[in-house]
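Heads up, the thing below is written out as structure tokens.
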Amino acid sequence: MITGRLDSAATTLAVALITGGVLCLAGATAGAQSTADPTTAPAGATRLQPITVTATRNPLDPFRFPGMVTVLDGPEIQDRQPSSPDDILNLIPGIEFTGGPRRTGEAPSIRGFDGADVIVTIDGARQNFGSVHDGRFFVDPSLLKRVEVLRGPASSLYGSGGTGGLIAFRTLDATDLLAPGESAGTKVSGGYQSVNSERVGILTTYAAPSDGMDVVASITKRDSGTIRLGNGNDLEDTDDDIVAGLAKARLRSGDHHRFEASAISFRNDAREPNDGQERFGRDLAANGLVQKDVRSTTLSAAYHYDNPDDHLVDLDVVVYRTSFRLDELRLEDVSGGPAGELLRRDVDTLGLRIDNRSRLPLSEAVRVTLTYGGEYWRDSQDGEDGGTRMGRRDVNAGERHGVPDAGARFTGLFAQAEVTWSDPFGAESGDLLMIPGARYDSYRISSSNRLGPDNERRELSPKLGVSWLPSDRSVVFANYAHAFRAPTVDEIYLTGTHFPLFRGPGELVGFNRFEPSPELRPQTTRTLEVGAGVTFNGVFAGRDQLQIKATHFRIRGEDFIDLAIRQAFPVPGDCLPFVSDQARVPAGPPGTFRHGCEGAAFSNNVPEARLQGAEIDAIYESGRLRMTLGYSSVDGENAATGRKLGLLAPDQLTVDAAFRLPRHDSLIGWRLLLADRFDRVNDPADTRPGYAVHDLYLSWRPSEPPLNGLGVDLGVDNAFDKAYSRVDTASVEPGRSLKVAVGYSMAW
């Protein structure tokens, strides 16, 4: 049991960092050069974080960025032995996965924002699939080489959806797998985890057949079943049968032109309830068992021009198509529909992005990088129900309830400047990094079935970020940004049945029905964020480093989009069956009326909302030990009513400590997820107790023949079999899981 409040201790630490540590370090290093000084840096010190390329669309050290961004590269992803994206991202401060243990229900939130408020990309292609109960995106971790998470407003560069932040996935390249002098290779691996009896096999081949050309192909097969929960119970109806693949080719023409084409696929034949998240449990009469066929395909082509001698043109062009398809075949007769009925949802996105960088040295002290370009994407959704055939259309099918046939078109133009000014406050005063930017977006959302008028708006998303680095080992930063999120086609044009209503056992009296909201306005936010960071060298040894970065943010939102339900619970005994609860039907003496039983669900705009929170990132690295520590806290409310708002999460502290054993070519590690009691709720039933979850892992990579190329990974997730529940789900999380993976690679 967790005693005390994590937030008070963490707030004290953050204040100490911002007001004391940075200023102290700035004073101690007065007179230091603004560039890295090899005499003060420990020899052989390891860079603490890789470079981010999504925060500004330019390579940048995350420590210098006026905000919070996390970058995970291949080795860190592999050490987590991930089965789903949740396994990769769950230790990053400010990000939370909800939706329960089932893979198809997992959905991310950042700083209290979820769904369409979080932008997700794979190799630059937007993943715009949106379904309340079916997760957000589908990609297998085995295909990934890099993940970047930008926490905070991102609309000034990425447009609609940037209110919470950005999750950017990058897939494997052949050059990531080939050592110098090698031209081809292959890797085969297999694994098992006990908590759901998951078996996985992966085959990857890669080659650089000629100078300037490389190709990679990978296929993954996963099978899993019933999930054993931390309370000892089994979460049944959780069968997954997954096949995921990647094919990518890159060609460099001449010295400065590069072409790239890739195809990424994911398919899951799953057997589970219609609501895979089971927020309300299996007792909901409409949540019957279904056979799900989940398909996701992303096709992209890119062109890059990067001549180091050309300071005006550094061009990227990406064109892509993302297709999601979700077929659900009912296996049970429920009030929502009969067994054998097929439900279908198709979401397609076609997009184009062009951006260029111009680097302008204005003087010896001032350097400017201008990033500018445009983006267009088109979403289309098609829903059907009543059909009976998996894999192809049925002429007898009609429009699916809650999945309107509709589409959206977005066009955006953006410009950003990165201005680096050396010694702006006098000699040896450090660097000042200023990042002003703005994006102009217009969109139109329309229904093919004329469910309502078109919804169209124009939005301007400005931002200004400033980092002052009094030395290369300290930073103080602030940023102010506007962001917006357009309403989705579901929120605007929802129609049909939401869920059935029962007045007593077996007595169906009506339905809660969806109502369209054609006048829905976009959700907008204004975020102010301040923070600081310090880097210490030689803390415990001559070649170690400790880096800490902390932030506090306040968000003011307007027109927050919220799903409202108009319904009396429990259903009144005197209501009129199959009549709207808004109706007033005369009954009895003159002037007396009875109301109907049927309610409604609709999206509306909350006029004003407030969110605030804090985050801390800390990394310690020496020759033997790498340890990361993270803290996050977020709270949000309707400014008018005081009711909690957003997908909030408990205060969390995370630790990942890995100890290297070079003589044994191995690494041993421990991870901790520590969550405080969660009571930022409107309904006491949503309160969650605090919990502590421990993971252990071991990795062995022999470096000498004949075993070089072999890799063995062992792990124990939730080592102490803790029973705990995350927010926004009725299910307990998985219990103790033993994990093993063995792989072998060879190249020539």
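Residues in the structure tokens are named by chain (A, B, ... in the order shown) and by number from 1 within that chain; ligands are numbered from 1 in the order shown.
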
Practice prompt. Could you please write out, as number ranges by chain, every residue of segment 413-570 of chain A that DSSP assigns to helix (DSSP H, G or I)?
Written response: A: 489-493

Fill in: Contacts of segment 195-203 of chain A within 8 Å, only C-alpha atoms, excl. fewer than 3 positions in-chain, as a ChimeraX atom specification
/A:142,186-192,218-229,734-738

Would you save the residues of that selection, restricted to C-alpha atoms, as a CSV table (one decimal), in the first residue's frame?
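What landed in out-v8.csv:
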chain,number,residue,atom,x,y,z
A,142,SER,CA,9.0,-6.4,-33.6
A,186,THR,CA,19.0,-12.7,-41.7
A,187,LYS,CA,17.6,-13.0,-38.2
A,188,VAL,CA,15.2,-15.6,-36.8
A,189,SER,CA,13.7,-15.5,-33.3
A,190,GLY,CA,11.0,-17.0,-31.2
A,191,GLY,CA,9.5,-16.4,-27.8
A,192,TYR,CA,6.9,-17.2,-25.2
A,218,SER,CA,10.1,-9.0,-41.8
A,219,ILE,CA,7.2,-11.2,-40.8
A,220,THR,CA,5.9,-11.9,-37.3
A,221,LYS,CA,3.4,-14.5,-36.1
A,222,ARG,CA,1.8,-14.3,-32.6
A,223,ASP,CA,-0.8,-16.6,-31.0
A,224,SER,CA,-2.2,-16.0,-27.5
A,225,GLY,CA,-5.2,-17.0,-25.4
A,226,THR,CA,-6.8,-16.5,-22.0
A,227,ILE,CA,-5.1,-13.8,-19.8
A,228,ARG,CA,-4.4,-14.7,-16.2
A,229,LEU,CA,-5.1,-11.6,-14.1
A,734,PRO,CA,-2.5,-9.2,-16.1
A,735,GLY,CA,-0.7,-11.1,-13.3
A,736,ARG,CA,2.8,-12.5,-13.2
A,737,SER,CA,4.2,-13.4,-16.6
A,738,LEU,CA,7.4,-15.4,-17.4

Worksheet item: Using only C-alpha atoms, which residues sit within 9 Å of Ala438 of chain A once same-chain residues fewer than 2 positions away are excluded, as a list of chain:residue names?
Response: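 Returned residues: A:Ser155, A:Ser156, A:Leu157, A:Leu413, A:Phe414, A:Ala415, A:Gln416, A:Pro436, A:Tyr440, A:Leu460, A:Ser461, A:Pro462, A:Lys463, A:Leu464.
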
Mind writing the picked residues with N, CA and C atoms as a PDB file, in the first residue's frame?
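And here is the file that came out, again-v3.pdb:
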ATOM      1  N   SER A 155       0.101  21.086 -32.547  1.00  0.00           N
ATOM      2  CA  SER A 155      -0.671  21.517 -33.714  1.00  0.00           C
ATOM      3  C   SER A 155       0.096  22.482 -34.602  1.00  0.00           C
ATOM      4  N   SER A 156       1.063  23.236 -34.065  1.00  0.00           N
ATOM      5  CA  SER A 156       1.769  24.215 -34.878  1.00  0.00           C
ATOM      6  C   SER A 156       2.581  23.553 -35.985  1.00  0.00           C
ATOM      7  N   LEU A 157       2.919  22.271 -35.820  1.00  0.00           N
ATOM      8  CA  LEU A 157       3.610  21.528 -36.869  1.00  0.00           C
ATOM      9  C   LEU A 157       2.768  20.420 -37.473  1.00  0.00           C
ATOM     10  N   LEU A 413      -0.891  24.656 -43.742  1.00  0.00           N
ATOM     11  CA  LEU A 413       0.365  25.306 -44.115  1.00  0.00           C
ATOM     12  C   LEU A 413       1.067  25.716 -42.832  1.00  0.00           C
ATOM     13  N   PHE A 414       2.369  25.480 -42.743  1.00  0.00           N
ATOM     14  CA  PHE A 414       3.077  25.762 -41.497  1.00  0.00           C
ATOM     15  C   PHE A 414       4.437  26.378 -41.775  1.00  0.00           C
ATOM     16  N   ALA A 415       4.930  27.119 -40.781  1.00  0.00           N
ATOM     17  CA  ALA A 415       6.262  27.714 -40.846  1.00  0.00           C
ATOM     18  C   ALA A 415       6.801  27.814 -39.427  1.00  0.00           C
ATOM     19  N   GLN A 416       8.088  27.547 -39.288  1.00  0.00           N
ATOM     20  CA  GLN A 416       8.734  27.574 -37.977  1.00  0.00           C
ATOM     21  C   GLN A 416      10.172  28.047 -38.144  1.00  0.00           C
ATOM     22  N   PRO A 436       9.813  30.175 -32.661  1.00  0.00           N
ATOM     23  CA  PRO A 436       8.464  30.625 -32.987  1.00  0.00           C
ATOM     24  C   PRO A 436       7.933  29.837 -34.185  1.00  0.00           C
ATOM     25  N   TYR A 440      -1.606  27.155 -40.201  1.00  0.00           N
ATOM     26  CA  TYR A 440      -2.973  27.494 -40.590  1.00  0.00           C
ATOM     27  C   TYR A 440      -3.624  26.244 -41.172  1.00  0.00           C
ATOM     28  N   LEU A 460      -5.916  28.702 -36.589  1.00  0.00           N
ATOM     29  CA  LEU A 460      -4.533  29.143 -36.565  1.00  0.00           C
ATOM     30  C   LEU A 460      -3.906  28.670 -35.260  1.00  0.00           C
ATOM     31  N   SER A 461      -2.753  28.000 -35.351  1.00  0.00           N
ATOM     32  CA  SER A 461      -2.098  27.414 -34.178  1.00  0.00           C
ATOM     33  C   SER A 461      -0.687  27.992 -34.043  1.00  0.00           C
ATOM     34  N   PRO A 462      -0.530  29.120 -33.315  1.00  0.00           N
ATOM     35  CA  PRO A 462       0.801  29.685 -33.111  1.00  0.00           C
ATOM     36  C   PRO A 462       1.489  29.064 -31.893  1.00  0.00           C
ATOM     37  N   LYS A 463       2.807  29.242 -31.828  1.00  0.00           N
ATOM     38  CA  LYS A 463       3.555  28.803 -30.651  1.00  0.00           C
ATOM     39  C   LYS A 463       4.835  29.625 -30.544  1.00  0.00           C
ATOM     40  N   LEU A 464       5.380  29.666 -29.325  1.00  0.00           N
ATOM     41  CA  LEU A 464       6.685  30.261 -29.090  1.00  0.00           C
ATOM     42  C   LEU A 464       7.352  29.485 -27.966  1.00  0.00           C
TER      43      LEU A 464
END

Worksheet item: Interatomic distance between atom CA of Asn128 of chain A and atom CA of Val317 of chain A?
Response: 19.7 Å

Item to complete: Would you list the contacts of Glu364 of chain A as a list of chain:residue names, taking every protein, DNA or RNA residue within 10 Å and counting only C-alpha atoms, but skipping same-chain residues closer than 3 positions in sequence?
Response: A:Pro361, A:Arg367, A:Trp421, A:Ser422

Residue selection dump (N, CA and C atoms) as a PDB file, in the first residue's frame:
ATOM      1  N   PRO A 361      22.807  31.391 -41.733  1.00  0.00           N
ATOM      2  CA  PRO A 361      23.670  31.987 -40.709  1.00  0.00           C
ATOM      3  C   PRO A 361      23.643  33.507 -40.826  1.00  0.00           C
ATOM      4  N   ARG A 367      22.219  31.987 -35.718  1.00  0.00           N
ATOM      5  CA  ARG A 367      21.952  31.017 -36.780  1.00  0.00           C
ATOM      6  C   ARG A 367      20.453  30.717 -36.797  1.00  0.00           C
ATOM      7  N   TRP A 421      21.078  31.862 -30.675  1.00  0.00           N
ATOM      8  CA  TRP A 421      21.830  33.100 -30.450  1.00  0.00           C
ATOM      9  C   TRP A 421      22.863  32.824 -29.377  1.00  0.00           C
ATOM     10  N   SER A 422      24.125  32.880 -29.759  1.00  0.00           N
ATOM     11  CA  SER A 422      25.213  32.614 -28.817  1.00  0.00           C
ATOM     12  C   SER A 422      25.544  33.874 -28.021  1.00  0.00           C
TER      13      SER A 422
END

Practice prompt. Would you return as a PyMOL selection string the members of segment 367-435 of chain A that DSSP assigns to strand (DSSP E) on this structure's backbone?
Written response: chain A and resi 367-387+406-422+431-435

Can I get the residues of segment 354-450 of chain A within 10 Å of segment 64-68 of chain A, each with the closest pair of atoms and their distance in Å to one decimal, using only C-alpha atoms, sorted chain first then ascending number, as a Markdown table?
| residue | atom | partner | partner_atom | distance |
| --- | --- | --- | --- | --- |
| A:Asp431 | CA | A:Arg64 | CA | 9.8 |
| A:Leu432 | CA | A:Arg64 | CA | 9.8 |
| A:Leu433 | CA | A:Arg64 | CA | 8.0 |
| A:Met434 | CA | A:Pro66 | CA | 8.7 |
| A:Ile435 | CA | A:Pro66 | CA | 8.4 |

Fill in: Asp581 of chain A surroundings by only C-alpha atoms, 12 Å radius, close-in-sequence under 2 positions cut, as a VMD selection string
chain A and resid 501 509 to 513 565 to 569 571 to 572 574 to 579 583 to 585 593 to 600

Output the selection as an mmCIF file, in the first residue's frame - N, CA and C atoms for each residue.
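The file below, again.cif, is the result:
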data_model
loop_
_atom_site.group_PDB
_atom_site.id
_atom_site.type_symbol
_atom_site.label_atom_id
_atom_site.label_comp_id
_atom_site.auth_asym_id
_atom_site.auth_seq_id
_atom_site.Cartn_x
_atom_site.Cartn_y
_atom_site.Cartn_z
ATOM 1 N N LEU A 501 -32.023 -0.834 -22.969
ATOM 2 C CA LEU A 501 -32.465 -0.454 -21.624
ATOM 3 C C LEU A 501 -33.441 -1.498 -21.097
ATOM 4 N N VAL A 509 -37.259 -2.193 -22.505
ATOM 5 C CA VAL A 509 -38.208 -1.080 -22.606
ATOM 6 C C VAL A 509 -37.739 -0.008 -23.588
ATOM 7 N N GLY A 510 -36.608 -0.216 -24.240
ATOM 8 C CA GLY A 510 -36.153 0.766 -25.216
ATOM 9 C C GLY A 510 -34.651 0.748 -25.365
ATOM 10 N N PHE A 511 -34.152 1.830 -25.933
ATOM 11 C CA PHE A 511 -32.720 1.929 -26.210
ATOM 12 C C PHE A 511 -32.242 3.343 -25.920
ATOM 13 N N ASN A 512 -31.014 3.436 -25.545
ATOM 14 C CA ASN A 512 -30.352 4.727 -25.571
ATOM 15 C C ASN A 512 -29.803 4.901 -26.979
ATOM 16 N N ARG A 513 -30.178 5.997 -27.627
ATOM 17 C CA ARG A 513 -29.862 6.153 -29.043
ATOM 18 C C ARG A 513 -28.903 7.327 -29.267
ATOM 19 N N ILE A 565 -24.587 11.664 -21.972
ATOM 20 C CA ILE A 565 -25.658 10.666 -22.007
ATOM 21 C C ILE A 565 -26.843 11.217 -21.230
ATOM 22 N N ARG A 566 -27.972 11.328 -21.903
ATOM 23 C CA ARG A 566 -29.207 11.781 -21.268
ATOM 24 C C ARG A 566 -30.064 10.554 -20.981
ATOM 25 N N GLN A 567 -30.097 10.176 -19.734
ATOM 26 C CA GLN A 567 -30.799 8.945 -19.380
ATOM 27 C C GLN A 567 -30.999 8.892 -17.876
ATOM 28 N N ALA A 568 -32.155 8.433 -17.435
ATOM 29 C CA ALA A 568 -32.402 8.231 -16.013
ATOM 30 C C ALA A 568 -32.012 6.808 -15.634
ATOM 31 N N PHE A 569 -31.117 6.676 -14.639
ATOM 32 C CA PHE A 569 -30.716 5.356 -14.144
ATOM 33 C C PHE A 569 -30.983 5.285 -12.649
ATOM 34 N N VAL A 571 -33.770 2.808 -14.765
ATOM 35 C CA VAL A 571 -34.896 3.192 -15.608
ATOM 36 C C VAL A 571 -36.157 3.264 -14.748
ATOM 37 N N PRO A 572 -36.881 4.406 -14.743
ATOM 38 C CA PRO A 572 -38.077 4.537 -13.899
ATOM 39 C C PRO A 572 -39.127 3.479 -14.212
ATOM 40 N N ASP A 574 -42.299 3.821 -14.116
ATOM 41 C CA ASP A 574 -43.517 4.329 -14.754
ATOM 42 C C ASP A 574 -43.264 4.944 -16.121
ATOM 43 N N CYS A 575 -42.068 4.743 -16.688
ATOM 44 C CA CYS A 575 -41.792 5.326 -18.004
ATOM 45 C C CYS A 575 -42.483 4.506 -19.091
ATOM 46 N N LEU A 576 -42.685 5.158 -20.248
ATOM 47 C CA LEU A 576 -43.373 4.507 -21.357
ATOM 48 C C LEU A 576 -42.367 3.797 -22.245
ATOM 49 N N PRO A 577 -42.510 2.477 -22.432
ATOM 50 C CA PRO A 577 -41.560 1.720 -23.256
ATOM 51 C C PRO A 577 -41.488 2.259 -24.681
ATOM 52 N N PHE A 578 -40.240 2.287 -25.209
ATOM 53 C CA PHE A 578 -39.962 2.661 -26.589
ATOM 54 C C PHE A 578 -40.499 4.049 -26.953
ATOM 55 N N VAL A 579 -40.446 4.957 -25.979
ATOM 56 C CA VAL A 579 -40.798 6.360 -26.177
ATOM 57 C C VAL A 579 -39.648 7.198 -25.647
ATOM 58 N N ALA A 583 -40.134 13.069 -24.430
ATOM 59 C CA ALA A 583 -41.568 13.201 -24.720
ATOM 60 C C ALA A 583 -42.362 13.355 -23.422
ATOM 61 N N ARG A 584 -43.472 14.063 -23.508
ATOM 62 C CA ARG A 584 -44.394 14.213 -22.368
ATOM 63 C C ARG A 584 -45.772 13.760 -22.844
ATOM 64 N N VAL A 585 -46.172 12.589 -22.387
ATOM 65 C CA VAL A 585 -47.425 11.982 -22.834
ATOM 66 C C VAL A 585 -48.470 12.158 -21.733
ATOM 67 N N PHE A 593 -48.396 14.088 -16.764
ATOM 68 C CA PHE A 593 -47.731 13.501 -17.924
ATOM 69 C C PHE A 593 -46.835 12.354 -17.480
ATOM 70 N N ARG A 594 -46.523 11.498 -18.462
ATOM 71 C CA ARG A 594 -45.519 10.450 -18.271
ATOM 72 C C ARG A 594 -44.425 10.631 -19.321
ATOM 73 N N HIS A 595 -43.191 10.303 -18.930
ATOM 74 C CA HIS A 595 -42.055 10.391 -19.847
ATOM 75 C C HIS A 595 -41.738 9.014 -20.407
ATOM 76 N N GLY A 596 -41.062 9.032 -21.560
ATOM 77 C CA GLY A 596 -40.648 7.782 -22.164
ATOM 78 C C GLY A 596 -39.408 7.209 -21.489
ATOM 79 N N CYS A 597 -39.061 5.988 -21.844
ATOM 80 C CA CYS A 597 -37.901 5.301 -21.271
ATOM 81 C C CYS A 597 -36.616 5.580 -22.042
ATOM 82 N N GLU A 598 -36.736 5.881 -23.342
ATOM 83 C CA GLU A 598 -35.553 5.939 -24.185
ATOM 84 C C GLU A 598 -34.775 7.238 -23.995
ATOM 85 N N GLY A 599 -33.443 7.108 -23.827
ATOM 86 C CA GLY A 599 -32.561 8.256 -23.692
ATOM 87 C C GLY A 599 -31.722 8.457 -24.932
ATOM 88 N N ALA A 600 -30.699 9.303 -24.796
ATOM 89 C CA ALA A 600 -29.877 9.643 -25.947
ATOM 90 C C ALA A 600 -28.427 9.838 -25.523
#

Worksheet entry | Residues within 6 Å of segment 403-410 of chain A, only C-alpha atoms, excluding chain neighbours under 3 positions, as a ChimeraX atom specification | /A:376-383,400,442-448

Discussion item. Just want the 6 Å neighbourhood of segment 657-664 of chain A, counted on only C-alpha atoms, with same-chain residues fewer than 5 positions away dropped. Output as a list in words.
Written reply: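 With the cut-off at 6 Å, the set is Arg624, Leu625, Arg626, Met627, Gly669 and Trp670 of chain A.
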
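Counting only C-alpha atoms and comparing A:Asp293, A:Glu332, A:Glu272, A:Asp123, the residue that lies closest to Tyr320 of chain A is A:Asp123.
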
Item to complete: Quick one: pull the distance between atom CA of Asn537 of chain A and atom CA of Pro424 of chain A, Å, one decimal.
Response: 25.7 Å

Could the residues of segment 617-688 of chain A that have an atom at most 12 Å from segment 546-561 of chain A be listed as JSON lines, each with its closest atom pair and the distance in Å to one decimal, counting only C-alpha atoms and ordered by chain and ascending residue number?
{"residue": "A:Asp617", "atom": "CA", "partner": "A:Lys549", "partner_atom": "CA", "distance": 5.2}
{"residue": "A:Ala618", "atom": "CA", "partner": "A:Ile548", "partner_atom": "CA", "distance": 4.2}
{"residue": "A:Ile619", "atom": "CA", "partner": "A:Gln547", "partner_atom": "CA", "distance": 5.2}
{"residue": "A:Tyr620", "atom": "CA", "partner": "A:Leu546", "partner_atom": "CA", "distance": 4.4}
{"residue": "A:Glu621", "atom": "CA", "partner": "A:Leu546", "partner_atom": "CA", "distance": 6.5}
{"residue": "A:Ser622", "atom": "CA", "partner": "A:Leu546", "partner_atom": "CA", "distance": 8.9}
{"residue": "A:Leu625", "atom": "CA", "partner": "A:Leu546", "partner_atom": "CA", "distance": 11.3}
{"residue": "A:Arg626", "atom": "CA", "partner": "A:Leu546", "partner_atom": "CA", "distance": 9.8}
{"residue": "A:Met627", "atom": "CA", "partner": "A:Leu546", "partner_atom": "CA", "distance": 9.3}
{"residue": "A:Thr628", "atom": "CA", "partner": "A:Gln547", "partner_atom": "CA", "distance": 9.5}
{"residue": "A:Leu629", "atom": "CA", "partner": "A:Ile548", "partner_atom": "CA", "distance": 9.0}
{"residue": "A:Gly630", "atom": "CA", "partner": "A:Ala550", "partner_atom": "CA", "distance": 9.5}
{"residue": "A:Tyr631", "atom": "CA", "partner": "A:Ala550", "partner_atom": "CA", "distance": 9.0}
{"residue": "A:Ser632", "atom": "CA", "partner": "A:Thr551", "partner_atom": "CA", "distance": 9.7}
{"residue": "A:Ser633", "atom": "CA", "partner": "A:His552", "partner_atom": "CA", "distance": 9.5}
{"residue": "A:Val634", "atom": "CA", "partner": "A:Phe553", "partner_atom": "CA", "distance": 9.2}
{"residue": "A:Asp635", "atom": "CA", "partner": "A:Arg554", "partner_atom": "CA", "distance": 9.8}
{"residue": "A:Gly636", "atom": "CA", "partner": "A:Ile555", "partner_atom": "CA", "distance": 8.9}
{"residue": "A:Glu637", "atom": "CA", "partner": "A:Gly557", "partner_atom": "CA", "distance": 10.1}
{"residue": "A:Asn638", "atom": "CA", "partner": "A:Phe560", "partner_atom": "CA", "distance": 9.1}
{"residue": "A:Ala639", "atom": "CA", "partner": "A:Arg556", "partner_atom": "CA", "distance": 9.2}
{"residue": "A:Ala640", "atom": "CA", "partner": "A:Glu558", "partner_atom": "CA", "distance": 11.5}
{"residue": "A:Leu645", "atom": "CA", "partner": "A:Phe560", "partner_atom": "CA", "distance": 9.0}
{"residue": "A:Gly646", "atom": "CA", "partner": "A:Phe560", "partner_atom": "CA", "distance": 9.0}

Worksheet item: Which residue, A:Thr70, A:Thr175, A:Thr369, A:Thr524, has the smallest gap to Leu91 of chain A when you use only C-alpha atoms?
Response: A:Thr70
